[in-house]
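Trainee: Quick one: the structure is below, questions incoming.
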Amino acid sequence: MRCIGNRLHDRRAGHRRGAVAMELLVAATIFLATATLIGRLTTTCLRLVAHSRQYQVAQTEIDNQLARLVSSPVEDLEAAVRGSELSEWARASLPGAELQAERIDDAFGERVVVRLHWAESHGSIGFHLSRVAWVRPPAAFGNRIATR
């Protein structure tokens, strides 16, 4: 009777060891999948933060350029547009940044367009931002304001 009891005990212990190994394998698989997911999410979040900072720098740079151009005298506007260049701060913060300024005078009025292009840190994606500021409104719009 003693031998039969030991054999039963040995079979149960062997079965339990197999179940523990299976549980450890499942737990390790779940842990690795979770760690991989967290790593990818962290990378994505960090990239999003970097893009957000670059966009804020680009907005500030364009706003500063437009303020400088609009506040310059109208007779010096063309020279101010040609002399527009990127600040050192924006050049350091935005990889491969290029600033373009253009003066447009047509039926819609006299306005200045500032465009800023830059690349992602790795250079695979290009971003651009542009803004327009009116120096003088259209003649018809200006006359309506004056007659009121």
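Identifiers in this document derive from the order of the structure tokens: chains are assigned A, B, ..., residues are numbered from 1 separately in each chain, and ligands are numbered from 1 in order of occurrence.
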Excluding same-chain residues fewer than 3 positions from segment 46-63 of chain A, what lies within 8 Å of it counting only C-alpha atoms, as a PyMOL selection string?
Mentor: chain A and resi 42-43+66-67+86-87+90+93-94+114-116+120+129-131
Trainee: Got time to write the residues from that selection, N, CA and C atoms, as a CSV table (one decimal), in the first residue's frame?
Mentor:
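Written out: selection05.csv:
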```csv
chain,number,residue,atom,x,y,z
A,42,THR,N,5.6,54.5,-25.7
A,42,THR,CA,6.5,55.5,-25.2
A,42,THR,C,7.2,56.2,-26.3
A,43,THR,N,7.7,55.5,-27.3
A,43,THR,CA,8.4,56.0,-28.5
A,43,THR,C,7.4,57.0,-29.2
A,66,LEU,N,6.0,87.9,-39.2
A,66,LEU,CA,4.9,88.7,-39.6
A,66,LEU,C,4.8,90.0,-38.9
A,67,ALA,N,5.0,90.0,-37.6
A,67,ALA,CA,4.9,91.2,-36.8
A,67,ALA,C,6.0,92.2,-37.3
A,86,LEU,N,15.7,83.3,-41.1
A,86,LEU,CA,15.3,82.5,-40.0
A,86,LEU,C,16.2,82.9,-38.8
A,87,SER,N,15.6,82.9,-37.6
A,87,SER,CA,16.4,83.3,-36.4
A,87,SER,C,17.2,82.1,-36.0
A,90,ALA,N,15.2,79.4,-34.1
A,90,ALA,CA,14.4,78.5,-35.0
A,90,ALA,C,15.3,77.6,-35.8
A,93,SER,N,16.3,74.8,-33.5
A,93,SER,CA,15.2,73.9,-33.1
A,93,SER,C,14.5,73.1,-34.2
A,94,LEU,N,14.6,73.7,-35.4
A,94,LEU,CA,13.9,73.0,-36.5
A,94,LEU,C,14.9,72.5,-37.6
A,114,VAL,N,4.2,84.4,-45.1
A,114,VAL,CA,5.4,83.8,-44.6
A,114,VAL,C,5.2,82.3,-44.5
A,115,ARG,N,6.1,81.5,-45.1
A,115,ARG,CA,6.0,80.0,-45.1
A,115,ARG,C,7.3,79.5,-44.4
A,116,LEU,N,7.1,78.5,-43.7
A,116,LEU,CA,8.2,77.8,-43.0
A,116,LEU,C,8.2,76.3,-43.2
A,120,GLU,N,11.5,66.4,-40.2
A,120,GLU,CA,11.6,65.7,-38.9
A,120,GLU,C,13.1,65.4,-38.5
A,129,LEU,N,4.3,75.2,-42.5
A,129,LEU,CA,3.4,76.1,-41.8
A,129,LEU,C,3.4,77.4,-42.6
A,130,SER,N,2.3,78.0,-42.8
A,130,SER,CA,2.2,79.3,-43.5
A,130,SER,C,1.2,80.2,-42.9
A,131,ARG,N,1.4,81.5,-42.9
A,131,ARG,CA,0.5,82.5,-42.4
A,131,ARG,C,0.5,83.7,-43.3
```
Trainee: When you count only C-alpha atoms, which of these residues is closest to Ser72 of chain A: A:Ala19, A:Ala119, A:Val112, A:Ala92?
Mentor: A:Val112
Trainee: Taking only segment 69-129 of chain A into account, list the residues labelled alpha helix (DSSP H) by DSSP (computed from the backbone), as JSON, numbers by chain.
Mentor: {"A": [69, 70, 71, 77, 78, 79, 80, 81, 82, 88, 89, 90, 91, 92, 93]}
Trainee: Just to be explicit: take each residue in the selection above, keep C-alpha atoms, and write the result as a PDB file, in the first residue's frame.
Mentor:
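File produced: result-v5.pdb:
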```
ATOM      1  CA  LEU A  69       7.106  92.760 -41.658  1.00  0.00           C
ATOM      2  CA  VAL A  70       3.718  94.324 -40.921  1.00  0.00           C
ATOM      3  CA  SER A  71       5.234  96.916 -38.604  1.00  0.00           C
ATOM      4  CA  LEU A  77       8.154  96.402 -47.168  1.00  0.00           C
ATOM      5  CA  GLU A  78       9.714  94.857 -50.280  1.00  0.00           C
ATOM      6  CA  ALA A  79      13.228  95.195 -48.817  1.00  0.00           C
ATOM      7  CA  ALA A  80      12.038  93.793 -45.484  1.00  0.00           C
ATOM      8  CA  VAL A  81      10.488  90.784 -47.247  1.00  0.00           C
ATOM      9  CA  ARG A  82      13.701  90.109 -49.193  1.00  0.00           C
ATOM     10  CA  GLU A  88      19.170  81.277 -34.765  1.00  0.00           C
ATOM     11  CA  TRP A  89      16.719  79.868 -32.224  1.00  0.00           C
ATOM     12  CA  ALA A  90      14.436  78.498 -34.955  1.00  0.00           C
ATOM     13  CA  ARG A  91      17.394  77.241 -36.988  1.00  0.00           C
ATOM     14  CA  ALA A  92      18.652  75.290 -33.965  1.00  0.00           C
ATOM     15  CA  SER A  93      15.188  73.917 -33.080  1.00  0.00           C
TER      16      SER A  93
END
```
Trainee: Write out as a ChimeraX atom specification which residues come within 8 Å of Gly109 of chain A when counting only C-alpha atoms, dropping same-chain ones fewer than 6 positions away.
Mentor: /A:134-139
Trainee: Please write the residues from the selection above to a file, keeping N, CA and C atoms, as a PDB file, in the first residue's frame.
Mentor:
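Everything below was put into out-v2.pdb:
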```pdb
ATOM      1  N   TRP A 134      -2.369  90.949 -43.646  1.00  0.00           N
ATOM      2  CA  TRP A 134      -2.676  92.033 -44.562  1.00  0.00           C
ATOM      3  C   TRP A 134      -1.962  93.298 -44.111  1.00  0.00           C
ATOM      4  N   VAL A 135      -1.323  93.926 -45.064  1.00  0.00           N
ATOM      5  CA  VAL A 135      -0.688  95.214 -44.811  1.00  0.00           C
ATOM      6  C   VAL A 135      -1.706  96.318 -45.057  1.00  0.00           C
ATOM      7  N   ARG A 136      -2.420  96.180 -46.179  1.00  0.00           N
ATOM      8  CA  ARG A 136      -3.519  97.098 -46.506  1.00  0.00           C
ATOM      9  C   ARG A 136      -4.675  96.268 -47.049  1.00  0.00           C
ATOM     10  N   PRO A 137      -5.906  96.564 -46.626  1.00  0.00           N
ATOM     11  CA  PRO A 137      -7.055  95.803 -47.140  1.00  0.00           C
ATOM     12  C   PRO A 137      -7.325  96.165 -48.594  1.00  0.00           C
ATOM     13  N   PRO A 138      -8.163  95.394 -49.266  1.00  0.00           N
ATOM     14  CA  PRO A 138      -8.518  95.732 -50.645  1.00  0.00           C
ATOM     15  C   PRO A 138      -9.141  97.130 -50.715  1.00  0.00           C
ATOM     16  N   ALA A 139      -8.973  97.767 -51.859  1.00  0.00           N
ATOM     17  CA  ALA A 139      -9.473  99.140 -52.026  1.00  0.00           C
ATOM     18  C   ALA A 139     -10.983  99.192 -51.823  1.00  0.00           C
TER      19      ALA A 139
END
```
Trainee: Which parts of segment 10-143 of chain A does DSSP call strand (DSSP E or B) when run on the backbone here, written out as a PyMOL selection string?
Mentor: chain A and resi 98-106+109-119+126-136
Trainee: What does the distance between atom CA of Ala107 of chain A and atom CA of Glu85 of chain A come to in Å, to one decimal place?
Mentor: 27.8 Å
Trainee: Take atom CA of Val132 of chain A and atom CA of Val113 of chain A and report the distance between them in Å, one decimal.
Mentor: 4.5 Å
Trainee: In Å to one decimal, how far is atom CA of His128 of chain A from atom CA of Arg103 of chain A?
Mentor: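 Pair atom CA of Arg103 of chain A / atom CA of His128 of chain A returns 18.6 Å.
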